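Coordinates from coords24.cif are shown below (mmCIF, C-alpha atoms; chains and numbers go by the auth columns).
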```
data_data
loop_
_atom_site.group_PDB
_atom_site.id
_atom_site.type_symbol
_atom_site.label_atom_id
_atom_site.label_comp_id
_atom_site.label_asym_id
_atom_site.label_seq_id
_atom_site.Cartn_x
_atom_site.Cartn_y
_atom_site.Cartn_z
_atom_site.B_iso_or_equiv
_atom_site.auth_seq_id
_atom_site.auth_asym_id
ATOM 1 C CA MET A 1 0.000 0.000 0.000 0.00 1362 A
ATOM 2 C CA ILE A 2 1.325 3.445 -0.953 0.00 1363 A
ATOM 3 C CA ASP A 3 1.552 5.808 2.015 0.00 1364 A
ATOM 4 C CA GLU A 4 -0.053 9.000 0.717 0.00 1365 A
ATOM 5 C CA TYR A 5 0.934 10.788 3.918 0.00 1366 A
ATOM 6 C CA ALA A 6 4.627 9.877 3.925 0.00 1367 A
ATOM 7 C CA GLU A 7 5.643 13.469 3.130 0.00 1368 A
ATOM 8 C CA SER A 8 3.002 15.241 5.202 0.00 1369 A
ATOM 9 C CA ALA A 9 2.470 13.129 8.324 0.00 1370 A
ATOM 10 C CA GLU A 10 4.521 15.393 10.623 0.00 1371 A
ATOM 11 C CA PHE A 11 2.316 18.380 9.695 0.00 1372 A
ATOM 12 C CA ILE A 12 -1.143 16.789 9.690 0.00 1373 A
ATOM 13 C CA ASP A 13 -1.981 17.097 13.382 0.00 1374 A
ATOM 14 C CA ILE A 14 -0.841 20.733 13.515 0.00 1375 A
ATOM 15 C CA LEU A 15 -2.868 21.715 10.477 0.00 1376 A
ATOM 16 C CA ILE A 16 -6.021 19.599 10.887 0.00 1377 A
ATOM 17 C CA SER A 17 -6.641 20.148 14.605 0.00 1378 A
ATOM 18 C CA PRO A 18 -8.465 23.503 14.104 0.00 1379 A
ATOM 19 C CA PHE A 19 -11.091 21.797 11.930 0.00 1380 A
ATOM 20 C CA TRP A 20 -11.949 19.525 14.851 0.00 1381 A
ATOM 21 C CA ASN A 21 -13.155 22.539 16.852 0.00 1382 A
ATOM 22 C CA ASP A 22 -16.440 22.146 14.931 0.00 1383 A
ATOM 23 C CA LEU A 23 -16.179 18.530 13.858 0.00 1384 A
ATOM 24 C CA GLY A 24 -15.447 17.135 17.339 0.00 1385 A
ATOM 25 C CA PRO A 25 -18.606 18.416 19.086 0.00 1386 A
ATOM 26 C CA ALA A 26 -20.765 17.441 16.095 0.00 1387 A
ATOM 27 C CA LEU A 27 -19.327 13.923 16.074 0.00 1388 A
ATOM 28 C CA SER A 28 -19.799 13.613 19.846 0.00 1389 A
ATOM 29 C CA ALA A 29 -23.452 14.603 19.519 0.00 1390 A
ATOM 30 C CA ALA A 30 -23.980 12.112 16.679 0.00 1391 A
ATOM 31 C CA ILE A 31 -22.558 9.114 18.548 0.00 1392 A
ATOM 32 C CA LYS A 32 -23.592 9.770 22.157 0.00 1393 A
ATOM 33 C CA THR A 33 -26.445 7.238 21.978 0.00 1394 A
ATOM 34 C CA ALA A 34 -24.208 4.391 20.744 0.00 1395 A
ATOM 35 C CA ASP A 35 -24.290 1.284 22.915 0.00 1396 A
ATOM 36 C CA PRO A 36 -20.727 0.069 23.597 0.00 1397 A
ATOM 37 C CA GLY A 37 -22.229 -3.095 25.056 0.00 1398 A
ATOM 38 C CA ALA A 38 -23.290 -4.099 21.530 0.00 1399 A
ATOM 39 C CA GLY A 39 -19.687 -4.230 20.320 0.00 1400 A
ATOM 40 C CA PRO A 40 -16.522 -2.189 19.885 0.00 1401 A
ATOM 41 C CA VAL A 41 -16.190 1.090 17.969 0.00 1402 A
ATOM 42 C CA VAL A 42 -14.016 1.424 14.858 0.00 1403 A
ATOM 43 C CA ASP A 43 -12.335 4.695 13.881 0.00 1404 A
ATOM 44 C CA VAL A 44 -11.517 4.346 10.160 0.00 1405 A
ATOM 45 C CA GLY A 45 -8.484 6.292 8.988 0.00 1406 A
ATOM 46 C CA ALA A 46 -7.886 7.549 12.507 0.00 1407 A
ATOM 47 C CA GLY A 47 -4.986 9.756 11.429 0.00 1408 A
ATOM 48 C CA SER A 48 -3.286 11.501 14.324 0.00 1409 A
ATOM 49 C CA GLY A 49 -6.173 10.638 16.651 0.00 1410 A
ATOM 50 C CA CYS A 50 -8.333 13.777 16.843 0.00 1411 A
ATOM 51 C CA GLY A 51 -11.427 11.703 16.144 0.00 1412 A
ATOM 52 C CA THR A 52 -10.286 8.848 18.370 0.00 1413 A
ATOM 53 C CA LEU A 53 -10.045 11.255 21.285 0.00 1414 A
ATOM 54 C CA ALA A 54 -13.509 12.682 20.530 0.00 1415 A
ATOM 55 C CA ILE A 55 -14.959 9.157 20.410 0.00 1416 A
ATOM 56 C CA GLY A 56 -13.239 8.222 23.660 0.00 1417 A
ATOM 57 C CA ASP A 57 -14.576 11.306 25.437 0.00 1418 A
ATOM 58 C CA ALA A 58 -18.133 10.804 24.135 0.00 1419 A
ATOM 59 C CA LEU A 59 -18.178 7.060 24.915 0.00 1420 A
ATOM 60 C CA PRO A 60 -16.056 6.572 28.041 0.00 1421 A
ATOM 61 C CA ASP A 61 -16.888 2.850 28.292 0.00 1422 A
ATOM 62 C CA ALA A 62 -16.290 1.913 24.656 0.00 1423 A
ATOM 63 C CA GLU A 63 -13.531 -0.296 23.333 0.00 1424 A
ATOM 64 C CA ILE A 64 -12.082 1.367 20.224 0.00 1425 A
ATOM 65 C CA PHE A 65 -10.199 0.007 17.236 0.00 1426 A
ATOM 66 C CA ALA A 66 -8.296 2.877 15.577 0.00 1427 A
ATOM 67 C CA VAL A 67 -7.361 1.845 12.034 0.00 1428 A
ATOM 68 C CA GLU A 68 -4.521 3.812 10.418 0.00 1429 A
ATOM 69 C CA PRO A 69 -2.307 2.396 7.649 0.00 1430 A
ATOM 70 C CA SER A 70 0.078 5.386 7.372 0.00 1431 A
ATOM 71 C CA PRO A 71 3.177 4.775 9.549 0.00 1432 A
ATOM 72 C CA GLY A 72 3.770 8.485 10.096 0.00 1433 A
ATOM 73 C CA LEU A 73 0.195 9.230 11.126 0.00 1434 A
ATOM 74 C CA ARG A 74 0.116 6.064 13.205 0.00 1435 A
ATOM 75 C CA ALA A 75 3.114 7.300 15.207 0.00 1436 A
ATOM 76 C CA ALA A 76 1.172 10.458 16.097 0.00 1437 A
ATOM 77 C CA LEU A 77 -1.940 8.386 16.839 0.00 1438 A
ATOM 78 C CA LEU A 78 -0.086 6.062 19.217 0.00 1439 A
ATOM 79 C CA ALA A 79 1.495 9.045 20.974 0.00 1440 A
ATOM 80 C CA ARG A 80 -1.927 10.658 21.475 0.00 1441 A
ATOM 81 C CA VAL A 81 -3.480 7.440 22.784 0.00 1442 A
ATOM 82 C CA ASN A 82 -0.546 6.830 25.117 0.00 1443 A
ATOM 83 C CA ALA A 83 -0.823 10.377 26.502 0.00 1444 A
ATOM 84 C CA HIS A 84 -4.397 9.816 27.739 0.00 1445 A
ATOM 85 C CA ASP A 85 -5.040 7.462 30.642 0.00 1446 A
ATOM 86 C CA SER A 86 -8.669 7.189 29.520 0.00 1447 A
ATOM 87 C CA LEU A 87 -7.609 5.783 26.131 0.00 1448 A
ATOM 88 C CA ARG A 88 -4.511 3.710 26.794 0.00 1449 A
ATOM 89 C CA GLU A 89 -6.307 0.617 28.086 0.00 1450 A
ATOM 90 C CA ARG A 90 -9.184 0.543 25.595 0.00 1451 A
ATOM 91 C CA VAL A 91 -7.833 1.730 22.216 0.00 1452 A
ATOM 92 C CA THR A 92 -6.207 -0.806 19.901 0.00 1453 A
ATOM 93 C CA VAL A 93 -4.286 0.729 16.984 0.00 1454 A
ATOM 94 C CA LEU A 94 -4.321 -1.367 13.806 0.00 1455 A
ATOM 95 C CA PRO A 95 -1.857 -0.758 10.939 0.00 1456 A
ATOM 96 C CA GLU A 96 -3.895 -2.281 8.110 0.00 1457 A
ATOM 97 C CA GLY A 97 -6.419 -0.635 5.843 0.00 1458 A
ATOM 98 C CA PHE A 98 -10.018 -0.872 7.040 0.00 1459 A
ATOM 99 C CA LEU A 99 -10.980 -3.683 4.649 0.00 1460 A
ATOM 100 C CA ASP A 100 -7.932 -5.732 5.667 0.00 1461 A
ATOM 101 C CA ALA A 101 -8.143 -5.156 9.418 0.00 1462 A
ATOM 102 C CA ASP A 102 -8.955 -8.003 11.813 0.00 1463 A
ATOM 103 C CA LEU A 103 -12.133 -6.663 13.396 0.00 1464 A
ATOM 104 C CA PRO A 104 -14.765 -8.220 15.690 0.00 1465 A
ATOM 105 C CA ASP A 105 -17.823 -9.842 14.159 0.00 1466 A
ATOM 106 C CA GLN A 106 -20.196 -7.256 15.657 0.00 1467 A
ATOM 107 C CA LEU A 107 -19.611 -3.505 15.889 0.00 1468 A
ATOM 108 C CA SER A 108 -21.697 -0.911 17.702 0.00 1469 A
ATOM 109 C CA LEU A 109 -20.303 2.077 15.794 0.00 1470 A
ATOM 110 C CA VAL A 110 -18.051 2.807 12.824 0.00 1471 A
ATOM 111 C CA VAL A 111 -16.679 6.343 12.376 0.00 1472 A
ATOM 112 C CA ALA A 112 -15.132 7.432 9.059 0.00 1473 A
ATOM 113 C CA MET A 113 -14.390 11.157 9.157 0.00 1474 A
ATOM 114 C CA ASN A 114 -12.480 12.905 6.351 0.00 1475 A
ATOM 115 C CA VAL A 115 -11.617 9.569 4.773 0.00 1476 A
ATOM 116 C CA ILE A 116 -14.292 8.157 2.453 0.00 1477 A
ATOM 117 C CA GLY A 117 -12.766 9.778 -0.645 0.00 1478 A
ATOM 118 C CA HIS A 118 -9.696 7.577 -0.279 0.00 1479 A
ATOM 119 C CA PHE A 119 -11.820 4.540 -1.216 0.00 1480 A
ATOM 120 C CA ALA A 120 -12.568 3.648 -4.837 0.00 1481 A
ATOM 121 C CA PRO A 121 -16.180 2.722 -5.742 0.00 1482 A
ATOM 122 C CA ASN A 122 -15.564 -1.042 -5.462 0.00 1483 A
ATOM 123 C CA GLU A 123 -13.928 -0.523 -2.056 0.00 1484 A
ATOM 124 C CA ARG A 124 -16.866 1.584 -0.884 0.00 1485 A
ATOM 125 C CA ARG A 125 -19.272 -1.201 -1.804 0.00 1486 A
ATOM 126 C CA ALA A 126 -17.138 -3.644 0.154 0.00 1487 A
ATOM 127 C CA ILE A 127 -17.376 -1.295 3.146 0.00 1488 A
ATOM 128 C CA TRP A 128 -21.172 -1.105 2.879 0.00 1489 A
ATOM 129 C CA ALA A 129 -21.329 -4.913 2.716 0.00 1490 A
ATOM 130 C CA LEU A 130 -19.145 -5.128 5.821 0.00 1491 A
ATOM 131 C CA LEU A 131 -21.433 -2.694 7.654 0.00 1492 A
ATOM 132 C CA ALA A 132 -24.519 -4.659 6.639 0.00 1493 A
ATOM 133 C CA GLU A 133 -22.895 -7.805 7.998 0.00 1494 A
ATOM 134 C CA ARG A 134 -21.313 -6.533 11.217 0.00 1495 A
ATOM 135 C CA LEU A 135 -23.229 -3.517 12.514 0.00 1496 A
ATOM 136 C CA ALA A 136 -25.217 -4.343 15.641 0.00 1497 A
ATOM 137 C CA PRO A 137 -28.996 -4.238 15.112 0.00 1498 A
ATOM 138 C CA ASP A 138 -29.147 -0.701 16.532 0.00 1499 A
ATOM 139 C CA GLY A 139 -25.624 0.231 15.459 0.00 1500 A
ATOM 140 C CA GLN A 140 -24.619 2.979 13.080 0.00 1501 A
ATOM 141 C CA ALA A 141 -21.772 4.357 11.027 0.00 1502 A
ATOM 142 C CA VAL A 142 -21.006 8.085 10.915 0.00 1503 A
ATOM 143 C CA LEU A 143 -19.126 9.717 8.057 0.00 1504 A
ATOM 144 C CA ASN A 144 -18.818 13.034 6.275 0.00 1505 A
ATOM 145 C CA LEU A 145 -18.763 14.016 2.602 0.00 1506 A
ATOM 146 C CA GLN A 146 -16.260 16.757 1.848 0.00 1507 A
ATOM 147 C CA PRO A 147 -16.689 19.231 -1.001 0.00 1508 A
ATOM 148 C CA PRO A 148 -16.521 19.426 -3.919 0.00 1509 A
ATOM 149 C CA SER A 149 -19.105 16.920 -5.107 0.00 1510 A
ATOM 150 C CA GLU A 150 -18.273 17.369 -8.802 0.00 1511 A
ATOM 151 C CA PRO A 151 -14.926 17.016 -10.587 0.00 1512 A
ATOM 152 C CA THR A 152 -13.959 20.659 -10.969 0.00 1513 A
ATOM 153 C CA GLU A 153 -10.694 22.549 -10.949 0.00 1514 A
ATOM 154 C CA ILE A 154 -9.889 24.221 -7.647 0.00 1515 A
ATOM 155 C CA PRO A 155 -7.216 26.940 -7.753 0.00 1516 A
ATOM 156 C CA GLU A 156 -4.425 26.853 -5.208 0.00 1517 A
ATOM 157 C CA ALA A 157 -5.191 28.459 -1.862 0.00 1518 A
ATOM 158 C CA VAL A 158 -3.996 28.262 1.725 0.00 1519 A
ATOM 159 C CA ALA A 159 -5.905 25.405 3.357 0.00 1520 A
ATOM 160 C CA SER A 160 -4.544 25.701 6.894 0.00 1521 A
ATOM 161 C CA THR A 161 -1.790 27.274 8.962 0.00 1522 A
ATOM 162 C CA GLY A 162 -0.371 26.654 12.422 0.00 1523 A
ATOM 163 C CA ARG A 163 2.465 27.883 14.588 0.00 1524 A
ATOM 164 C CA ILE A 164 4.695 26.074 17.075 0.00 1525 A
ATOM 165 C CA GLY A 165 7.443 28.075 18.728 0.00 1526 A
ATOM 166 C CA ARG A 166 9.256 30.230 16.196 0.00 1527 A
ATOM 167 C CA ARG A 167 8.090 28.256 13.204 0.00 1528 A
ATOM 168 C CA ARG A 168 4.923 28.594 11.145 0.00 1529 A
ATOM 169 C CA TYR A 169 3.462 25.718 9.124 0.00 1530 A
ATOM 170 C CA GLU A 170 1.266 26.144 6.058 0.00 1531 A
ATOM 171 C CA CYS A 171 -0.597 23.851 3.701 0.00 1532 A
ATOM 172 C CA ARG A 172 -1.577 25.043 0.239 0.00 1533 A
ATOM 173 C CA ALA A 173 -3.975 22.912 -1.824 0.00 1534 A
ATOM 174 C CA ARG A 174 -5.273 22.763 -5.372 0.00 1535 A
ATOM 175 C CA ALA A 175 -7.236 20.138 -7.264 0.00 1536 A
ATOM 176 C CA GLU A 176 -7.885 19.123 -10.857 0.00 1537 A
ATOM 177 C CA PRO A 177 -10.367 16.675 -12.402 0.00 1538 A
ATOM 178 C CA ALA A 178 -8.939 13.224 -13.062 0.00 1539 A
ATOM 179 C CA GLY A 179 -12.060 11.344 -14.143 0.00 1540 A
ATOM 180 C CA ASP A 180 -15.841 11.220 -13.968 0.00 1541 A
ATOM 181 C CA GLN A 181 -15.947 11.081 -10.155 0.00 1542 A
ATOM 182 C CA LEU A 182 -12.297 11.641 -9.371 0.00 1543 A
ATOM 183 C CA LEU A 183 -10.061 14.525 -8.339 0.00 1544 A
ATOM 184 C CA THR A 184 -6.326 14.751 -7.939 0.00 1545 A
ATOM 185 C CA TRP A 185 -5.333 16.923 -4.998 0.00 1546 A
ATOM 186 C CA HIS A 186 -1.939 18.608 -5.073 0.00 1547 A
ATOM 187 C CA MET A 187 -0.659 19.676 -1.645 0.00 1548 A
ATOM 188 C CA THR A 188 2.338 21.826 -0.752 0.00 1549 A
ATOM 189 C CA TYR A 189 3.552 22.040 2.843 0.00 1550 A
ATOM 190 C CA HIS A 190 5.813 24.936 3.827 0.00 1551 A
ATOM 191 C CA THR A 191 7.696 25.494 7.047 0.00 1552 A
ATOM 192 C CA TYR A 192 8.583 29.122 7.760 0.00 1553 A
ATOM 193 C CA GLN A 193 11.087 30.642 10.142 0.00 1554 A
ATOM 194 C CA GLY A 194 10.133 34.294 10.099 0.00 1555 A
ATOM 195 C CA GLU A 195 9.384 34.945 6.424 0.00 1556 A
ATOM 196 C CA GLN A 196 11.899 32.403 5.142 0.00 1557 A
ATOM 197 C CA VAL A 197 10.792 29.009 3.819 0.00 1558 A
ATOM 198 C CA VAL A 198 13.075 26.466 5.493 0.00 1559 A
ATOM 199 C CA ASP A 199 11.298 23.319 4.290 0.00 1560 A
ATOM 200 C CA GLU A 200 8.947 22.417 1.446 0.00 1561 A
ATOM 201 C CA ARG A 201 7.124 19.130 0.831 0.00 1562 A
ATOM 202 C CA LYS A 202 4.874 18.338 -2.123 0.00 1563 A
ATOM 203 C CA LEU A 203 2.512 15.434 -2.698 0.00 1564 A
ATOM 204 C CA SER A 204 -0.482 14.442 -4.798 0.00 1565 A
ATOM 205 C CA TYR A 205 -3.239 11.928 -4.192 0.00 1566 A
ATOM 206 C CA ALA A 206 -6.471 10.728 -5.772 0.00 1567 A
ATOM 207 C CA TRP A 207 -9.819 11.564 -4.145 0.00 1568 A
ATOM 208 C CA HIS A 208 -13.014 9.755 -5.163 0.00 1569 A
ATOM 209 C CA LEU A 209 -16.051 12.022 -5.173 0.00 1570 A
ATOM 210 C CA VAL A 210 -19.274 10.863 -3.536 0.00 1571 A
ATOM 211 C CA THR A 211 -22.555 12.764 -3.683 0.00 1572 A
ATOM 212 C CA GLU A 212 -25.420 12.237 -1.260 0.00 1573 A
ATOM 213 C CA PRO A 213 -27.702 10.689 -3.951 0.00 1574 A
ATOM 214 C CA LEU A 214 -24.923 8.309 -5.022 0.00 1575 A
ATOM 215 C CA LEU A 215 -24.277 7.334 -1.428 0.00 1576 A
ATOM 216 C CA ARG A 216 -27.970 6.622 -0.827 0.00 1577 A
ATOM 217 C CA GLU A 217 -28.065 4.479 -3.969 0.00 1578 A
ATOM 218 C CA GLU A 218 -25.000 2.453 -2.981 0.00 1579 A
ATOM 219 C CA LEU A 219 -26.269 1.902 0.563 0.00 1580 A
ATOM 220 C CA ALA A 220 -29.677 0.688 -0.579 0.00 1581 A
ATOM 221 C CA GLU A 221 -28.141 -2.362 -2.262 0.00 1582 A
ATOM 222 C CA PRO A 222 -27.054 -4.068 1.008 0.00 1583 A
ATOM 223 C CA GLY A 223 -30.102 -2.796 2.913 0.00 1584 A
ATOM 224 C CA LEU A 224 -28.658 0.287 4.621 0.00 1585 A
ATOM 225 C CA ARG A 225 -30.187 3.727 5.091 0.00 1586 A
ATOM 226 C CA LEU A 226 -28.627 7.197 5.103 0.00 1587 A
ATOM 227 C CA HIS A 227 -29.613 9.970 7.543 0.00 1588 A
ATOM 228 C CA ALA A 228 -28.380 13.562 7.284 0.00 1589 A
ATOM 229 C CA LEU A 229 -27.013 15.024 10.518 0.00 1590 A
ATOM 230 C CA GLU A 230 -26.815 18.552 11.853 0.00 1591 A
ATOM 231 C CA PRO A 231 -25.180 20.956 11.341 0.00 1592 A
ATOM 232 C CA ALA A 232 -25.731 20.532 7.615 0.00 1593 A
ATOM 233 C CA ASP A 233 -22.657 22.532 6.618 0.00 1594 A
ATOM 234 C CA LEU A 234 -20.371 19.807 7.997 0.00 1595 A
ATOM 235 C CA GLY A 235 -21.753 17.232 5.523 0.00 1596 A
ATOM 236 C CA MET A 236 -22.181 14.551 8.188 0.00 1597 A
ATOM 237 C CA PHE A 237 -24.382 11.481 7.815 0.00 1598 A
ATOM 238 C CA ALA A 238 -25.360 8.432 9.814 0.00 1599 A
ATOM 239 C CA ILE A 239 -25.793 4.985 8.251 0.00 1600 A
ATOM 240 C CA THR A 240 -28.123 2.450 9.844 0.00 1601 A
ATOM 241 C CA ARG A 241 -29.826 -0.772 8.909 0.00 1602 A
ATOM 242 C CA ALA A 242 -32.951 -0.162 6.851 0.00 1603 A
#
```
Here is the file; what I need is its structure written in the form of structure tokens.
Amino acid sequence: MIDEYAESAEFIDILISPFWNDLGPALSAAIKTADPGAGPVVDVGAGSGCGTLAIGDALPDAEIFAVEPSPGLRAALLARVNAHDSLRERVTVLPEGFLDADLPDQLSLVVAMNVIGHFAPNERRAIWALLAERLAPDGQAVLNLQPPSEPTEIPEAVASTGRIGRRRYECRARAEPAGDQLLTWHMTYHTYQGEQVVDERKLSYAWHLVTEPLLREELAEPGLRLHALEPADLGMFAITRA
């Protein structure tokens, strides 16, 4: 498996954390009724662990499987889990991709934030089949759909910035169509000391576009149902058994 975050892993937590100021509370509200007694929770593409921490806080009795195939992101994830007494004994970090991970037969909750675009259409359908097979009767999956929903060119712009000590970190992003439902994102990460760029990293990765109607159509095949969640501007949805 190609590690799409090999060049950017050290910057991800710094630059994505601000987005969790809104995403974290919304995710907590969406999952607070989950029943950990019905099975463990899976955090798909857990990254540096922002979502894992939100899940752990919202469900203090849940066992969590945090799935993260990127070695660099997994290092940050393990450090975050190890730093919290409330997580260390109940979070298992798995290095495989979600479809290859050794997971329990029944799951109470699956969380897939900021990650579904990494999966090709055939992989998405395999995920929906897995949910139909393993979600507890009252279980759910929670995910978000990130814009854009159509393959369109997106000019380069600053996506996020952060500062630690005397250094400032910046991510610039642009995208171009690469197919009918496919974008290629081009990311540039700069490290500044004062106004001087002291480090630059560049990477590109494919992102599969998923619209709400397409998602509803795919989920109907294995007998799953989609529910829009509030606030609407975060593009969050819950998936349950029909």
Problem - Shortest interatomic distance to Leu1468 (chain A) - which of A:Met1597, A:Leu1491, A:Leu1414, A:Leu1376, counting all atoms listed in the file - result: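 Among A:Met1597, A:Leu1491, A:Leu1414, A:Leu1376, it is A:Leu1491 that comes nearest to Leu1468 (chain A).
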Can I get the residues of region 1420-1480 of chain A within 7 Å of region 1408-1411 of chain A, each with the closest pair of atoms and their distance in Å to one decimal, using all atoms listed in the file, sorted chain first then ascending number, as CSV?
```
residue,atom,partner,partner_atom,distance
A:Glu1429,CA,A:Gly1408,CA,6.0
A:Leu1434,CA,A:Gly1408,CA,5.2
A:Arg1435,CA,A:Ser1409,CA,6.5
A:Ala1437,CA,A:Ser1409,CA,4.9
A:Leu1438,CA,A:Ser1409,CA,4.2
A:Arg1441,CA,A:Gly1410,CA,6.4
```
With 4 Å on each side, where is the centre of the axis-aligned box around all listed atoms of region 1574-1589 of chain A, and how long are its edges in Å to one decimal, as JSON?
```
{"center_x": -27.2, "center_y": 4.7, "center_z": 1.3, "size_x": 13.9, "size_y": 25.6, "size_z": 20.6}
```
Handout entry: Reference answer for the PyMOL selection byres ((chain A and resi 1392) around 9), as JSON, numbers by chain
Key = {"A": [1387, 1388, 1389, 1390, 1391, 1393, 1394, 1395, 1416, 1419, 1420, 1470, 1472, 1501, 1502, 1503]}
Problem - Test item: which residues lie within 6 Å of (-2.4, 17.1, -5.0) counting only C-alpha atoms, as a ChimeraX atom specification - result: /A:1545-1548,1564-1566
Exercise for the section: Would you mind reading off the distance between CA of Ile1600 (chain A) and CA of Leu1587 (chain A), one decimal, in Å? Expected result: 4.8 Å
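Among A:Gly1526, A:Glu1517, A:Gly1540, A:Arg1577, the residue with the shortest atom-to-atom distance to Tyr1553 (chain A), counting all atoms listed in the file, is A:Gly1526.
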Please provide the set of residues having any atom within 12 Å of Arg1449 (chain A), restricted to all atoms listed in the file, with same-chain residues fewer than 4 positions apart removed, written as a PDB file with C-alpha atoms, keeping the file's coordinate frame.
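The result, written out as part20.pdb:
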```pdb
ATOM      1  CA  THR A1413     -10.286   8.848  18.370  1.00  0.00           C
ATOM      2  CA  LEU A1414     -10.045  11.255  21.285  1.00  0.00           C
ATOM      3  CA  GLY A1417     -13.239   8.222  23.660  1.00  0.00           C
ATOM      4  CA  PRO A1421     -16.056   6.572  28.041  1.00  0.00           C
ATOM      5  CA  GLU A1424     -13.531  -0.296  23.333  1.00  0.00           C
ATOM      6  CA  ILE A1425     -12.082   1.367  20.224  1.00  0.00           C
ATOM      7  CA  PHE A1426     -10.199   0.007  17.236  1.00  0.00           C
ATOM      8  CA  ALA A1427      -8.296   2.877  15.577  1.00  0.00           C
ATOM      9  CA  LEU A1438      -1.940   8.386  16.839  1.00  0.00           C
ATOM     10  CA  LEU A1439      -0.086   6.062  19.217  1.00  0.00           C
ATOM     11  CA  ALA A1440       1.495   9.045  20.974  1.00  0.00           C
ATOM     12  CA  ARG A1441      -1.927  10.658  21.475  1.00  0.00           C
ATOM     13  CA  VAL A1442      -3.480   7.440  22.784  1.00  0.00           C
ATOM     14  CA  ASN A1443      -0.546   6.830  25.117  1.00  0.00           C
ATOM     15  CA  ALA A1444      -0.823  10.377  26.502  1.00  0.00           C
ATOM     16  CA  HIS A1445      -4.397   9.816  27.739  1.00  0.00           C
ATOM     17  CA  THR A1453      -6.207  -0.806  19.901  1.00  0.00           C
ATOM     18  CA  VAL A1454      -4.286   0.729  16.984  1.00  0.00           C
TER      19      VAL A1454
END
```
Expanded to explicit residues, what is the PyMOL selection byres ((chain A and resi 1401) around 10) for this file, as a tab-separated table (two decimals) with C-alpha atoms, in the frame of the given file?
```tsv
chain	number	residue	atom	x	y	z
A	1396	ASP	CA	-24.29	1.28	22.92
A	1397	PRO	CA	-20.73	0.07	23.60
A	1398	GLY	CA	-22.23	-3.10	25.06
A	1399	ALA	CA	-23.29	-4.10	21.53
A	1400	GLY	CA	-19.69	-4.23	20.32
A	1402	VAL	CA	-16.19	1.09	17.97
A	1403	VAL	CA	-14.02	1.42	14.86
A	1422	ASP	CA	-16.89	2.85	28.29
A	1423	ALA	CA	-16.29	1.91	24.66
A	1424	GLU	CA	-13.53	-0.30	23.33
A	1425	ILE	CA	-12.08	1.37	20.22
A	1426	PHE	CA	-10.20	0.01	17.24
A	1451	ARG	CA	-9.18	0.54	25.60
A	1452	VAL	CA	-7.83	1.73	22.22
A	1464	LEU	CA	-12.13	-6.66	13.40
A	1465	PRO	CA	-14.76	-8.22	15.69
A	1466	ASP	CA	-17.82	-9.84	14.16
A	1467	GLN	CA	-20.20	-7.26	15.66
A	1468	LEU	CA	-19.61	-3.50	15.89
A	1469	SER	CA	-21.70	-0.91	17.70
A	1470	LEU	CA	-20.30	2.08	15.79
A	1471	VAL	CA	-18.05	2.81	12.82
A	1497	ALA	CA	-25.22	-4.34	15.64
```
Exercise for the section: Rounded to one decimal place, report the CA of Trp1489 (chain A)-CA of Val1405 (chain A) distance in Å. Expected result: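 Pair CA of Trp1489 (chain A) / CA of Val1405 (chain A) returns 13.3 Å.
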Practice task
Can you work out the spacing between CA of Leu1570 (chain A) and CA of Gln1542 (chain A) in Å, to one decimal?
Solution key: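 Separating CA of Leu1570 (chain A) from CA of Gln1542 (chain A) is a distance of 5.1 Å.
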Practice task
Fewer than 3 positions away in the same chain doesn't count, so skip those; otherwise give me all residues within 10 Å of Pro1583 (chain A), counting all atoms listed in the file, as an NGL selection string.
Solution key: :A and (1486-1487 or 1489-1494 or 1578-1580 or 1586 or 1602-1603)
Output file for the selection above: C-alpha atoms, as a short mmCIF file (atom, residue, chain, number, x, y, z; two decimals), in the coordinates of the input:
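The result, written out as out34.cif:
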```cif
data_model
loop_
_atom_site.label_atom_id
_atom_site.label_comp_id
_atom_site.auth_asym_id
_atom_site.auth_seq_id
_atom_site.Cartn_x
_atom_site.Cartn_y
_atom_site.Cartn_z
CA ARG A 1486 -19.27 -1.20 -1.80
CA ALA A 1487 -17.14 -3.64 0.15
CA TRP A 1489 -21.17 -1.10 2.88
CA ALA A 1490 -21.33 -4.91 2.72
CA LEU A 1491 -19.14 -5.13 5.82
CA LEU A 1492 -21.43 -2.69 7.65
CA ALA A 1493 -24.52 -4.66 6.64
CA GLU A 1494 -22.90 -7.80 8.00
CA GLU A 1578 -28.06 4.48 -3.97
CA GLU A 1579 -25.00 2.45 -2.98
CA LEU A 1580 -26.27 1.90 0.56
CA ARG A 1586 -30.19 3.73 5.09
CA ARG A 1602 -29.83 -0.77 8.91
CA ALA A 1603 -32.95 -0.16 6.85
#
```
Practice task
Could you check which of A:Ile1477, A:Asp1499, A:Ala1539, A:Leu1506 is closest to Ala1589 (chain A), using all atoms listed in the file?
Solution key: A:Leu1506
Problem - Selection near Arg1533 (chain A), 10 Å with only C-alpha atoms, sequence-local residues under 5 positions removed, as a list of chain:residue names - result: A:Pro1516, A:Glu1517, A:Ala1518, A:Val1519, A:Ala1520, A:Ser1521, A:Thr1522, A:His1547, A:Met1548, A:Thr1549, A:Tyr1550, A:His1551, A:Lys1563
Handout entry: Residue among A:Val1476, A:Ala1367, A:Leu1544, A:Asp1418 lying closest to Asp1404 (chain A), counting all atoms listed in the file
Key =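 Smallest separation from Asp1404 (chain A) among the options: A:Val1476.
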